[in-house]
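Data from protein-v8.txt: compact mmCIF, C-alpha atoms
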```
# COMPACT_ATOMS: atom_id res chain seq x y z
CA MET Z 155 42.29 169.55 -131.55
CA SER Z 156 42.79 168.64 -127.93
CA ARG Z 157 39.55 168.74 -125.94
CA PHE Z 158 37.22 170.40 -128.41
CA LEU Z 159 33.75 170.06 -129.58
CA VAL Z 160 32.45 168.70 -132.69
CA ALA Z 161 28.97 167.90 -133.69
CA MET Z 162 27.66 166.94 -137.00
CA SER Z 163 24.16 165.54 -137.12
CA VAL Z 164 21.14 164.82 -139.25
CA THR Z 165 17.97 165.90 -137.46
CA GLU Z 166 14.51 164.69 -138.26
CA ALA Z 167 11.52 163.88 -136.07
CA ASP Z 168 7.76 163.62 -136.45
CA GLY Z 169 6.30 165.27 -133.35
CA ILE Z 170 7.35 164.65 -129.79
CA SER Z 171 5.66 161.28 -129.50
CA SER Z 172 7.26 160.14 -132.73
CA ALA Z 173 10.62 161.54 -131.65
CA MET Z 174 10.52 159.51 -128.47
CA SER Z 175 9.15 156.34 -130.01
CA GLN Z 176 11.78 156.44 -132.75
CA ALA Z 177 14.48 156.72 -130.09
CA GLU Z 178 13.20 153.46 -128.63
CA SER Z 179 13.97 151.43 -131.75
CA ALA Z 180 17.50 150.21 -132.26
CA PHE Z 181 17.63 150.23 -136.01
CA VAL Z 182 15.72 151.62 -138.94
CA ALA Z 183 16.84 150.61 -142.40
CA VAL Z 184 18.60 153.20 -144.51
CA THR Z 185 17.90 153.01 -148.21
CA PRO Z 186 19.51 154.82 -151.13
CA ALA Z 187 17.79 158.09 -151.90
CA ALA Z 188 18.44 161.33 -153.70
CA GLY Z 189 17.21 163.65 -150.99
CA PRO Z 190 17.67 164.17 -147.26
CA THR Z 191 16.98 161.43 -144.78
CA SER Z 192 13.33 161.24 -143.78
CA PRO Z 193 12.27 160.74 -140.15
CA ASN Z 194 11.48 157.05 -140.60
CA GLU Z 195 14.93 156.37 -142.08
CA ARG Z 196 16.92 157.35 -139.03
CA ILE Z 197 19.13 155.12 -136.94
CA ASP Z 198 18.05 156.18 -133.50
CA ALA Z 199 20.99 154.61 -131.68
CA LEU Z 200 23.32 157.02 -133.49
CA ASP Z 201 21.21 159.99 -132.43
CA VAL Z 202 21.25 158.79 -128.83
CA LEU Z 203 25.02 158.37 -129.01
CA ARG Z 204 25.38 161.91 -130.38
CA GLY Z 205 23.18 163.28 -127.65
CA LEU Z 206 25.16 161.55 -124.90
CA ALA Z 207 28.52 162.51 -126.37
CA LEU Z 208 27.41 166.10 -126.61
CA PHE Z 209 27.39 166.32 -122.82
CA GLY Z 210 30.95 165.01 -122.69
CA VAL Z 211 32.34 167.52 -125.13
CA LEU Z 212 30.32 170.36 -123.59
CA SER Z 213 31.64 169.63 -120.10
CA ILE Z 214 35.24 169.54 -121.31
CA ASN Z 215 34.93 172.65 -123.44
CA VAL Z 216 33.29 174.71 -120.72
CA ILE Z 217 36.09 174.02 -118.21
CA THR Z 218 39.08 174.15 -120.57
CA GLU Z 219 38.18 176.59 -123.34
CA PHE Z 220 35.30 178.91 -122.45
CA ARG Z 221 36.14 179.41 -118.78
CA VAL Z 222 39.87 180.03 -119.35
CA SER Z 223 42.43 180.20 -122.16
CA ILE Z 224 42.70 177.11 -124.31
CA PHE Z 225 46.38 176.79 -123.35
CA GLU Z 226 45.87 176.68 -119.57
CA GLN Z 227 45.28 172.93 -119.79
CA PHE Z 228 48.91 172.45 -120.86
CA LEU Z 229 50.53 174.36 -117.97
CA PRO Z 230 50.48 173.91 -114.18
CA SER Z 231 47.62 175.81 -112.61
CA SER Z 232 48.64 179.27 -111.43
CA THR Z 233 45.60 179.72 -109.18
CA PRO Z 234 44.66 177.65 -106.13
CA ARG Z 235 41.68 175.35 -106.51
CA GLY Z 236 39.51 173.70 -103.93
CA ALA Z 237 39.19 169.95 -103.48
CA LEU Z 238 35.78 169.90 -105.17
CA ASP Z 239 37.06 171.69 -108.27
CA ARG Z 240 40.05 169.35 -108.53
CA THR Z 241 37.86 166.27 -108.14
CA VAL Z 242 35.28 167.39 -110.69
CA GLU Z 243 37.97 168.33 -113.19
CA ASN Z 244 39.88 165.06 -112.78
CA ILE Z 245 36.72 162.99 -113.23
CA LEU Z 246 35.63 164.87 -116.33
CA ILE Z 247 39.09 164.83 -117.90
CA PHE Z 248 39.46 161.11 -117.24
CA ALA Z 249 35.99 160.22 -118.51
CA PHE Z 250 35.52 162.60 -121.44
CA SER Z 251 38.64 164.48 -122.53
CA LEU Z 252 39.37 163.50 -126.15
CA LYS Z 253 37.00 160.53 -125.71
CA ALA Z 254 33.71 162.29 -126.47
CA LEU Z 255 35.39 164.10 -129.36
CA ALA Z 256 36.56 160.75 -130.72
CA VAL Z 257 32.98 159.46 -130.54
CA PHE Z 258 31.88 162.37 -132.74
CA SER Z 259 34.71 161.62 -135.17
CA LEU Z 260 33.56 158.01 -135.45
CA LEU Z 261 29.98 159.20 -135.97
CA PHE Z 262 31.05 161.61 -138.66
CA GLY Z 263 32.72 158.75 -140.52
CA VAL Z 264 29.55 156.70 -140.17
CA GLY Z 265 27.56 159.65 -141.52
CA LEU Z 266 29.84 160.00 -144.53
CA ALA Z 267 29.40 156.32 -145.35
CA ILE Z 268 25.61 156.54 -144.94
CA GLN Z 269 25.37 159.57 -147.24
CA PHE Z 270 27.65 157.89 -149.77
CA GLU Z 271 25.50 154.77 -149.76
CA ARG Z 272 22.16 156.55 -149.89
CA LEU Z 273 23.18 158.61 -152.91
CA ARG Z 274 24.57 155.63 -154.81
CA ALA Z 275 21.93 155.84 -157.55
CA ASN Z 276 22.18 159.62 -157.85
CA PRO Z 277 24.39 160.78 -160.76
CA ARG Z 278 25.23 163.89 -158.73
CA ARG Z 279 26.50 161.92 -155.75
CA THR Z 280 30.10 163.15 -155.92
CA SER Z 281 29.22 166.79 -156.46
CA LEU Z 282 26.55 166.73 -153.73
CA LEU Z 283 28.84 165.22 -151.12
CA LEU Z 284 31.71 167.55 -152.01
CA ARG Z 285 29.32 170.49 -151.78
CA ARG Z 286 28.18 169.21 -148.40
CA LEU Z 287 31.77 169.29 -147.15
CA ALA Z 288 32.40 172.71 -148.73
CA VAL Z 289 29.38 174.15 -146.93
CA LEU Z 290 30.62 172.61 -143.69
CA LEU Z 291 34.00 174.26 -144.29
CA ALA Z 292 32.29 177.63 -144.74
CA PHE Z 293 30.36 177.12 -141.49
CA GLY Z 294 33.56 176.14 -139.74
CA LEU Z 295 35.65 179.10 -140.89
CA THR Z 296 32.89 181.52 -139.93
CA HIS Z 297 32.56 179.87 -136.54
CA LEU Z 298 36.33 179.80 -135.96
CA PHE Z 299 37.05 183.43 -136.79
CA LEU Z 300 33.88 185.15 -135.61
CA ILE Z 301 32.39 183.08 -132.78
CA TRP Z 302 34.72 180.65 -130.95
CA ASN Z 303 38.36 179.64 -131.20
CA GLY Z 304 37.64 175.98 -130.34
CA ASP Z 305 35.89 175.26 -133.64
CA ILE Z 306 36.25 171.71 -134.95
CA LEU Z 307 34.02 172.00 -138.03
CA THR Z 308 36.89 173.30 -140.16
CA GLU Z 309 39.07 170.34 -139.29
CA TYR Z 310 36.21 167.94 -139.94
CA ALA Z 311 35.56 169.43 -143.36
CA VAL Z 312 39.22 169.19 -144.40
CA ALA Z 313 39.46 165.63 -143.06
CA GLY Z 314 36.23 164.79 -144.91
CA PHE Z 315 37.74 165.92 -148.21
CA LEU Z 316 40.72 163.65 -147.55
CA VAL Z 317 38.59 160.64 -146.60
CA PHE Z 318 36.05 161.03 -149.40
CA PRO Z 319 38.08 159.27 -152.18
CA PHE Z 320 38.52 156.21 -149.95
CA LEU Z 321 34.74 155.71 -149.86
CA PHE Z 322 34.91 154.57 -153.48
CA GLY Z 323 37.25 151.74 -152.50
CA PRO Z 324 36.67 148.34 -150.88
CA GLN Z 325 36.65 147.66 -147.14
CA TRP Z 326 40.27 146.54 -147.09
CA LEU Z 327 41.34 149.93 -148.45
CA LEU Z 328 39.39 151.75 -145.72
CA ALA Z 329 40.94 149.49 -143.09
CA THR Z 330 44.47 149.91 -144.44
CA ALA Z 331 44.18 153.69 -144.67
CA ALA Z 332 42.69 153.87 -141.16
CA VAL Z 333 45.58 151.86 -139.69
CA ILE Z 334 48.16 153.98 -141.51
CA PHE Z 335 46.69 157.29 -140.32
CA PHE Z 336 46.25 156.01 -136.78
CA GLY Z 337 49.81 154.71 -136.79
CA LEU Z 338 50.96 158.14 -137.92
CA TYR Z 339 49.04 159.73 -135.07
CA LEU Z 340 50.64 157.39 -132.52
CA SER Z 341 54.14 157.98 -133.83
CA MET Z 342 53.94 161.77 -134.28
CA PRO Z 343 55.65 162.59 -130.94
CA LEU Z 344 58.64 160.51 -132.06
CA LEU Z 345 58.94 162.18 -135.48
CA PRO Z 346 60.49 165.56 -136.34
CA SER Z 347 57.93 168.25 -135.60
CA LEU Z 348 56.61 170.01 -138.70
CA VAL Z 349 54.55 172.43 -136.59
CA PRO Z 350 56.30 173.01 -133.24
CA PHE Z 351 54.14 173.27 -130.15
CA PRO Z 352 54.21 176.77 -128.59
CA ALA Z 353 56.88 177.27 -125.96
CA ALA Z 354 55.77 177.67 -122.37
CA SER Z 355 56.61 181.37 -122.48
CA ARG Z 356 54.38 181.83 -125.53
CA MET Z 357 51.51 179.99 -123.83
CA VAL Z 358 51.89 182.12 -120.71
CA GLN Z 359 51.75 185.22 -122.90
CA HIS Z 360 48.65 183.95 -124.66
CA ILE Z 361 46.94 183.15 -121.36
CA GLU Z 362 47.60 186.64 -120.05
CA GLN Z 363 46.32 188.26 -123.25
CA ALA Z 364 43.22 186.06 -123.21
CA ARG Z 365 42.42 187.05 -119.63
CA ASN Z 366 42.73 190.72 -120.42
CA ILE Z 367 40.87 190.72 -123.73
CA TYR Z 368 38.16 188.09 -123.20
CA GLY Z 369 37.62 189.29 -119.67
CA SER Z 370 37.68 193.06 -120.04
CA GLY Z 371 38.39 194.08 -123.65
CA SER Z 372 36.02 195.56 -126.20
CA PHE Z 373 34.12 193.49 -128.73
CA GLY Z 374 36.51 194.68 -131.44
CA GLU Z 375 39.52 193.63 -129.36
CA VAL Z 376 37.95 190.21 -128.76
CA LEU Z 377 37.35 189.75 -132.49
CA ALA Z 378 40.88 190.85 -133.42
CA PHE Z 379 42.45 188.61 -130.78
CA ARG Z 380 40.37 185.61 -131.89
CA ILE Z 381 41.64 186.04 -135.44
CA ARG Z 382 45.26 186.40 -134.28
CA GLU Z 383 45.19 183.34 -132.06
CA VAL Z 384 44.14 181.02 -134.89
CA SER Z 385 47.81 180.63 -135.82
CA ASP Z 386 48.62 179.49 -132.27
CA ILE Z 387 45.70 177.10 -132.13
CA PHE Z 388 46.57 175.56 -135.51
CA VAL Z 389 49.20 173.34 -133.88
CA LEU Z 390 46.47 171.71 -131.77
CA HIS Z 391 44.50 170.80 -134.87
CA PHE Z 392 47.63 169.60 -136.62
CA SER Z 393 48.58 167.34 -133.72
CA ILE Z 394 45.25 165.51 -133.81
CA PHE Z 395 44.42 165.65 -137.52
CA PRO Z 396 45.72 162.12 -138.40
CA ARG Z 397 43.58 160.71 -135.59
CA THR Z 398 40.52 162.51 -136.94
CA VAL Z 399 41.09 161.04 -140.40
CA ALA Z 400 41.67 157.58 -138.95
CA LEU Z 401 38.46 157.71 -136.91
CA PHE Z 402 36.48 158.89 -139.94
CA LEU Z 403 37.78 155.86 -141.82
CA PHE Z 404 37.09 153.50 -138.91
CA GLY Z 405 33.55 154.90 -138.68
CA ALA Z 406 32.94 154.34 -142.39
CA LEU Z 407 34.37 150.83 -142.06
CA ALA Z 408 32.12 150.09 -139.08
CA TRP Z 409 29.09 151.05 -141.13
CA ARG Z 410 30.08 148.91 -144.09
CA SER Z 411 30.84 145.94 -141.85
CA GLY Z 412 27.21 145.88 -140.69
CA ALA Z 413 28.04 146.26 -137.00
CA VAL Z 414 26.48 149.73 -136.87
CA CYS Z 415 23.66 149.36 -139.40
CA LYS Z 416 22.52 146.04 -137.85
CA PRO Z 417 23.22 146.41 -134.13
CA ARG Z 418 20.56 143.91 -133.05
CA ALA Z 419 22.18 141.15 -135.09
CA ASN Z 420 25.59 142.10 -133.67
CA LYS Z 421 24.54 142.77 -130.07
CA ARG Z 422 26.92 140.26 -128.47
CA LEU Z 423 29.78 141.40 -130.66
CA LEU Z 424 29.13 145.04 -129.75
CA PHE Z 425 28.96 144.26 -126.03
CA GLY Z 426 32.18 142.25 -126.26
CA ILE Z 427 34.08 144.89 -128.23
CA GLY Z 428 32.71 147.64 -126.01
CA ALA Z 429 33.66 145.95 -122.74
CA ALA Z 430 37.14 144.97 -123.94
CA ALA Z 431 37.89 148.40 -125.41
CA LEU Z 432 36.58 150.24 -122.37
CA VAL Z 433 38.55 148.12 -119.87
CA LEU Z 434 41.73 148.40 -121.91
CA GLY Z 435 41.19 152.11 -122.42
CA VAL Z 436 40.69 152.72 -118.69
CA CYS Z 437 43.85 150.75 -117.89
CA PHE Z 438 45.80 152.71 -120.49
CA SER Z 439 44.42 156.00 -119.14
CA ILE Z 440 45.48 155.10 -115.61
CA ALA Z 441 48.92 154.12 -116.86
CA ALA Z 442 49.25 157.31 -118.88
CA SER Z 443 48.34 159.39 -115.84
CA GLY Z 444 51.42 158.08 -114.09
CA LYS Z 445 49.39 156.40 -111.35
CA ALA Z 446 49.98 152.83 -112.47
CA PRO Z 447 52.80 150.82 -110.87
CA VAL Z 448 53.93 149.27 -114.16
CA GLY Z 449 56.47 152.01 -114.93
CA TRP Z 450 55.42 152.60 -118.52
CA ALA Z 451 56.50 156.23 -118.23
CA PHE Z 452 60.10 155.00 -118.38
CA LEU Z 453 59.50 153.27 -121.72
CA GLN Z 454 58.95 156.45 -123.68
CA PRO Z 455 57.77 155.09 -127.09
CA TRP Z 456 55.41 152.59 -125.48
CA TYR Z 457 54.21 155.17 -123.01
CA LEU Z 458 53.29 157.55 -125.82
CA ILE Z 459 51.39 154.80 -127.62
CA VAL Z 460 49.52 153.95 -124.43
CA GLU Z 461 48.75 157.61 -123.76
CA ARG Z 462 47.45 158.30 -127.28
CA SER Z 463 45.55 155.02 -127.64
CA ALA Z 464 43.61 155.34 -124.39
CA PRO Z 465 41.03 157.96 -125.49
CA VAL Z 466 40.35 156.11 -128.74
CA LEU Z 467 39.85 152.79 -126.97
CA MET Z 468 37.48 154.38 -124.46
CA SER Z 469 35.52 156.10 -127.23
CA VAL Z 470 35.14 152.79 -129.08
CA GLY Z 471 34.02 151.21 -125.81
CA TYR Z 472 31.45 153.94 -125.16
CA SER Z 473 30.12 153.76 -128.72
CA ALA Z 474 29.83 149.98 -128.91
CA ILE Z 475 28.14 149.68 -125.52
CA VAL Z 476 25.58 152.40 -126.28
CA LEU Z 477 24.75 150.77 -129.65
CA ALA Z 478 24.35 147.41 -127.92
CA VAL Z 479 22.24 148.83 -125.09
CA MET Z 480 19.96 150.41 -127.66
CA THR Z 481 18.96 146.89 -128.76
CA THR Z 482 17.64 146.11 -125.26
CA ASP Z 483 14.77 147.36 -123.12
CA ALA Z 484 17.20 149.75 -121.45
CA ARG Z 485 17.01 151.94 -124.58
CA ARG Z 486 14.05 153.70 -122.98
CA MET Z 487 16.47 155.26 -120.50
CA PHE Z 488 18.18 157.19 -123.29
CA ALA Z 489 15.19 158.16 -125.44
CA TRP Z 490 15.37 161.76 -124.21
CA THR Z 491 18.82 162.23 -125.78
CA ALA Z 492 17.73 161.34 -129.33
CA PRO Z 493 16.14 164.74 -130.19
CA LEU Z 494 19.29 166.45 -128.91
CA GLY Z 495 21.41 164.21 -131.13
CA ARG Z 496 19.23 164.90 -134.15
CA MET Z 497 19.97 168.59 -133.69
CA ALA Z 498 23.62 168.27 -132.66
CA PHE Z 499 24.88 170.72 -135.30
CA THR Z 500 22.41 173.38 -134.22
CA ASN Z 501 23.07 172.72 -130.54
CA TYR Z 502 26.83 172.88 -131.06
CA LEU Z 503 26.62 176.35 -132.56
CA LEU Z 504 24.11 177.45 -129.92
CA GLN Z 505 26.56 176.40 -127.23
CA SER Z 506 29.21 178.64 -128.77
CA PHE Z 507 26.88 181.63 -128.89
CA ILE Z 508 25.47 181.13 -125.39
CA LEU Z 509 28.72 180.21 -123.62
CA GLY Z 510 30.52 183.00 -125.46
CA TRP Z 511 27.94 185.44 -124.14
CA ILE Z 512 28.25 184.03 -120.62
CA PHE Z 513 32.04 184.03 -120.41
CA TYR Z 514 33.24 186.81 -122.73
CA VAL Z 515 33.23 190.53 -122.06
CA TYR Z 516 30.40 191.33 -124.50
CA GLY Z 517 28.09 189.30 -122.24
CA LEU Z 518 28.39 188.47 -118.56
CA GLY Z 519 32.20 188.54 -118.66
CA LEU Z 520 32.84 185.49 -116.46
CA PHE Z 521 36.04 184.52 -118.28
CA GLY Z 522 38.69 183.55 -115.73
CA ARG Z 523 36.37 184.36 -112.83
CA VAL Z 524 34.59 181.07 -112.08
CA GLY Z 525 35.85 177.73 -110.90
CA VAL Z 526 35.50 174.33 -112.54
CA THR Z 527 32.44 173.22 -110.58
CA ALA Z 528 30.53 176.45 -111.29
CA ALA Z 529 31.41 176.21 -115.00
CA VAL Z 530 30.23 172.60 -115.16
CA ALA Z 531 26.97 173.61 -113.47
CA ILE Z 532 26.48 176.28 -116.14
CA GLY Z 533 27.14 173.69 -118.83
CA ALA Z 534 24.73 171.20 -117.26
CA VAL Z 535 21.93 173.78 -117.13
CA LEU Z 536 22.58 174.65 -120.77
CA TYR Z 537 22.52 170.97 -121.72
CA VAL Z 538 19.15 170.41 -120.05
CA CYS Z 539 17.74 173.51 -121.75
CA GLN Z 540 18.96 172.23 -125.10
CA VAL Z 541 17.30 168.87 -124.51
CA LEU Z 542 13.99 170.61 -123.87
CA PHE Z 543 14.51 172.96 -126.81
CA SER Z 544 15.27 170.06 -129.16
CA ILE Z 545 12.19 168.11 -128.06
CA CYS Z 546 10.03 171.19 -128.49
CA TRP Z 547 11.47 172.11 -131.88
CA LEU Z 548 11.11 168.61 -133.33
CA ARG Z 549 7.43 168.58 -132.45
CA HIS Z 550 6.92 170.89 -135.40
CA TYR Z 551 9.94 170.68 -137.70
CA ARG Z 552 11.73 167.93 -139.58
CA PHE Z 553 15.22 169.36 -139.01
CA GLY Z 554 17.09 171.66 -136.72
CA PRO Z 555 17.50 175.12 -138.28
CA VAL Z 556 21.22 174.71 -139.05
CA GLU Z 557 20.72 171.17 -140.33
CA TRP Z 558 17.98 172.47 -142.62
CA LEU Z 559 20.22 175.24 -143.97
CA TRP Z 560 23.03 172.73 -144.51
CA ARG Z 561 20.71 170.58 -146.63
CA VAL Z 562 19.40 173.54 -148.60
CA LEU Z 563 22.94 174.61 -149.49
CA MET Z 564 23.97 171.03 -150.26
CA TYR Z 565 21.10 170.21 -152.60
CA GLY Z 566 20.77 173.73 -153.99
CA GLU Z 567 17.02 173.79 -153.47
CA ALA Z 568 14.52 174.40 -150.69
CA GLN Z 569 13.87 171.46 -148.38
CA PRO Z 570 10.59 170.79 -146.55
CA MET Z 571 10.98 172.05 -143.02
CA ARG Z 572 7.67 172.18 -141.17
CA LEU Z 573 5.74 169.09 -140.18
CA SER Z 574 2.02 169.02 -140.81
CA GLY Z 575 -0.19 171.20 -138.64
CA THR Z 576 0.20 174.65 -137.19
CA PHE Z 577 2.82 175.71 -134.68
CA ASP Z 578 1.72 175.46 -131.08
CA PRO Z 579 3.86 176.77 -128.21
CA CYS Z 580 5.71 174.03 -126.35
```
Output the file's structure as structure tokens, nothing else.
Amino acid sequence: MSRFLVAMSVTEADGISSAMSQAESAFVAVTPAAGPTSPNERIDALDVLRGLALFGVLSINVITEFRVSIFEQFLPSSTPRGALDRTVENILIFAFSLKALAVFSLLFGVGLAIQFERLRANPRRTSLLLRRLAVLLAFGLTHLFLIWNGDILTEYAVAGFLVFPFLFGPQWLLATAAVIFFGLYLSMPLLPSLVPFPAASRMVQHIEQARNIYGSGSFGEVLAFRIREVSDIFVLHFSIFPRTVALFLFGALAWRSGAVCKPRANKRLLFGIGAAALVLGVCFSIAASGKAPVGWAFLQPWYLIVERSAPVLMSVGYSAIVLAVMTTDARRMFAWTAPLGRMAFTNYLLQSFILGWIFYVYGLGLFGRVGVTAAVAIGAVLYVCQVLFSICWLRHYRFGPVEWLWRVLMYGEAQPMRLSGTFDPC
């Protein structure tokens, strides 16, 4: 779905000093096992990447989905905005819109491949992984209908079910399927539409209803409207679903290739891929914005390919560069993001609860009443608080609370939660 959040994460740490020291290592070997990942089996670069990407998706979501109707991003602005708001929005859209989400999609594919590999010797591997996706689907549907309309967990679960059979195949099958799904995503605007995008009049109607209900309706009206609007939002998920599947497959392929699981050995390759993808992605983004002098907008098929490829290229660039940087001394700069990344699932749901309370009528009721810059400031404060919360929590617990529940439901048995020692206030 265009400009949404997604966060799937495995969260383990062994006290704050261990959490930080782990984030300073680029790679920790992952071995097959029948249970959840232990703290010393984590790949810290992936947690750092999750933590950094979480800011990108949070900043986009807070300005395009919590602050206003999800459909306002597709229509010309009906309210005047100051120069600062326009500048902040343009920078964030250019840097993060669809890019940070694509990073999470790649990471989810990596996570699927890691889980598949770790459970290789377990006779229950298939049932455990399918149960894991089923639990994620239950989380997603609950989140979508009861908490926030921008949920991405449901789409991730469905895409995971589709990708799962390919994990049993060789690398060439993953690569072929990834190319096919990505090609489908690029060509979708040129194909007959199976799920038509809402007409402008319908989007205007939705925006007006959202302002009235989210801004001044009752809790019951908010809940009823959220359920009704799922049918409108479905088209956004449908339009991006092939890309999600493709990125899952590319993520699984990246893990199997060794580029992700052995970043130190592939540092130059990662820097090279990252730089090339980022430069090309930026050029494509500029061209797609209509600001480039090359006139691609007049070559419609090529223009659409450029426009749809740009976020993916930039996400690959971001991911590869972060993984490469995590093999250098500069990794210390990002150590603080690792605890946040280890608890990305928990933090994602917390963002929905907290931002829903801030912007919807059953809380502070700021929906439609604050500008872009103010909304980003709210998101930034929330992000910093979540960093501190994650560090504090992982001083005493192996997992985030939602990650722990996900594991319990996956394995069908209680999982160790508390680290040794008694709980001390942070």
TODO: Please provide the set of residues having any atom within 7 Å of Arg572 (chain Z), restricted to all atoms listed in the file, with same-chain residues fewer than 4 positions apart removed, written as a ChimeraX atom specification.
DONE: /Z:550-552
So which residues touch Phe351 (chain Z) within 9 Å, counting all atoms listed in the file, skipping near sequence neighbours fewer than 6 positions away, as a PDB file with C-alpha atoms, in the coordinates of the input?
```pdb
ATOM      1  CA  ASP Z 386      48.620 179.490-132.270  1.00  0.00           C
ATOM      2  CA  VAL Z 389      49.200 173.340-133.880  1.00  0.00           C
ATOM      3  CA  LEU Z 390      46.470 171.710-131.770  1.00  0.00           C
ATOM      4  CA  SER Z 393      48.580 167.340-133.720  1.00  0.00           C
TER       5      SER Z 393
END
```
Task: Spatial neighbours of region 277-282 of chain Z, max dist 10 Å, all atoms listed in the file, sep filter under 6 positions, as a list in words - done: Ala188, Gln269, Phe270, Glu271, Ala288, Phe318, Pro319, Arg561, Leu563, Met564, Tyr565 and Gly566 of chain Z
Task: Distance criterion (all atoms listed in the file): nearest to Leu328 (chain Z) out of Z:Val399, Z:Leu255, Z:Ile247, Z:Ala489 - done: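 For Leu328 (chain Z), the nearest of the given residues is Z:Val399.
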Counting only C-alpha atoms, which residues of region 496-575 of chain Z fall within 7 Å of region 234-240 of chain Z, and what is the closest atom pair for each with its distance in Å at one decimal, ordered by chain and rising number, as a tab-separated table?
```
residue	atom	partner	partner_atom	distance
Z:Gly525	CA	Z:Asp239	CA	6.7
Z:Val526	CA	Z:Asp239	CA	5.3
Z:Thr527	CA	Z:Asp239	CA	5.4
```
How would the residues just picked look written out with C-alpha atoms as a short mmCIF file (atom, residue, chain, number, x, y, z; two decimals), in the frame of the given file?
```cif
data_model
loop_
_atom_site.label_atom_id
_atom_site.label_comp_id
_atom_site.auth_asym_id
_atom_site.auth_seq_id
_atom_site.Cartn_x
_atom_site.Cartn_y
_atom_site.Cartn_z
CA GLY Z 525 35.85 177.73 -110.90
CA VAL Z 526 35.50 174.33 -112.54
CA THR Z 527 32.44 173.22 -110.58
#
```
TODO: Find the residues near Ala431 (chain Z): any atom within 7 Å, counting only C-alpha atoms, skip ones fewer than 3 places away on the same chain, and give them as a list in words.
DONE: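 Counting only the stated atoms, we get Ile427, Gly428, Leu434, Gly435, Leu467, Met468, Val470 and Gly471 of chain Z.
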Task: Counting only C-alpha atoms, the option among Z:Ile301, Z:Leu208, Z:Arg496, Z:Phe248 closest to Cys437 (chain Z) - done: Z:Phe248
Task: Protein and nucleic acid residues near (32.4, 147.0, -144.0) (cut-off 12 Å, only C-alpha atoms) as a PyMOL selection string - done: chain Z and resi 264+267-268+271+321+323-329+403-416
Any chance you can output those residues with C-alpha atoms as a PDB file, in the coordinates of the input?
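The resulting file, again18.pdb, is reproduced below:
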```
ATOM      1  CA  VAL Z 264      29.550 156.700-140.170  1.00  0.00           C
ATOM      2  CA  ALA Z 267      29.400 156.320-145.350  1.00  0.00           C
ATOM      3  CA  ILE Z 268      25.610 156.540-144.940  1.00  0.00           C
ATOM      4  CA  GLU Z 271      25.500 154.770-149.760  1.00  0.00           C
ATOM      5  CA  LEU Z 321      34.740 155.710-149.860  1.00  0.00           C
ATOM      6  CA  GLY Z 323      37.250 151.740-152.500  1.00  0.00           C
ATOM      7  CA  PRO Z 324      36.670 148.340-150.880  1.00  0.00           C
ATOM      8  CA  GLN Z 325      36.650 147.660-147.140  1.00  0.00           C
ATOM      9  CA  TRP Z 326      40.270 146.540-147.090  1.00  0.00           C
ATOM     10  CA  LEU Z 327      41.340 149.930-148.450  1.00  0.00           C
ATOM     11  CA  LEU Z 328      39.390 151.750-145.720  1.00  0.00           C
ATOM     12  CA  ALA Z 329      40.940 149.490-143.090  1.00  0.00           C
ATOM     13  CA  LEU Z 403      37.780 155.860-141.820  1.00  0.00           C
ATOM     14  CA  PHE Z 404      37.090 153.500-138.910  1.00  0.00           C
ATOM     15  CA  GLY Z 405      33.550 154.900-138.680  1.00  0.00           C
ATOM     16  CA  ALA Z 406      32.940 154.340-142.390  1.00  0.00           C
ATOM     17  CA  LEU Z 407      34.370 150.830-142.060  1.00  0.00           C
ATOM     18  CA  ALA Z 408      32.120 150.090-139.080  1.00  0.00           C
ATOM     19  CA  TRP Z 409      29.090 151.050-141.130  1.00  0.00           C
ATOM     20  CA  ARG Z 410      30.080 148.910-144.090  1.00  0.00           C
ATOM     21  CA  SER Z 411      30.840 145.940-141.850  1.00  0.00           C
ATOM     22  CA  GLY Z 412      27.210 145.880-140.690  1.00  0.00           C
ATOM     23  CA  ALA Z 413      28.040 146.260-137.000  1.00  0.00           C
ATOM     24  CA  VAL Z 414      26.480 149.730-136.870  1.00  0.00           C
ATOM     25  CA  CYS Z 415      23.660 149.360-139.400  1.00  0.00           C
ATOM     26  CA  LYS Z 416      22.520 146.040-137.850  1.00  0.00           C
TER      27      LYS Z 416
END
```
Open item on the list: When you look at Ala254 (chain Z) with a cut-off of 7 Å (counting all atoms listed in the file), what residues show up, excluding the ones that are within fewer than 5 positions of it in the same chain? I need them as a ChimeraX atom specification.
Closed with: /Z:207,210-211,469
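CA of Thr398 (chain Z) lies 29.1 Å from CA of Tyr514 (chain Z).
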Task: Distance in Å - CA of Asp201 (chain Z) versus CA of Leu298 (chain Z) - done: 25.2 Å
Would you tabulate, counting all atoms listed in the file, all residues of region 220-329 of chain Z that have an atom at most 12 Å from an atom of region 365-376 of chain Z, showing the closest pair of atoms and their distance in Å to one decimal, sorted by chain then ascending number, as a tab-separated table?
```
residue	atom	partner	partner_atom	distance
Z:Phe220	CA	Z:Tyr368	CA	9.6
Z:Arg221	CA	Z:Arg365	CA	9.9
Z:Val222	CA	Z:Arg365	CA	7.5
Z:Ser223	CA	Z:Arg365	CA	7.3
Z:Ile224	CA	Z:Arg365	CA	11.0
Z:Phe225	CA	Z:Arg365	CA	11.6
Z:Glu226	CA	Z:Arg365	CA	10.9
Z:Phe299	CA	Z:Val376	CA	10.5
Z:Leu300	CA	Z:Val376	CA	9.4
Z:Ile301	CA	Z:Val376	CA	9.9
Z:Trp302	CA	Z:Val376	CA	10.3
Z:Asn303	CA	Z:Val376	CA	10.9
```
TODO: Provide the CA of Val216 (chain Z) to CA of Asp305 (chain Z) distance in Å, to one decimal place.
DONE: 13.2 Å
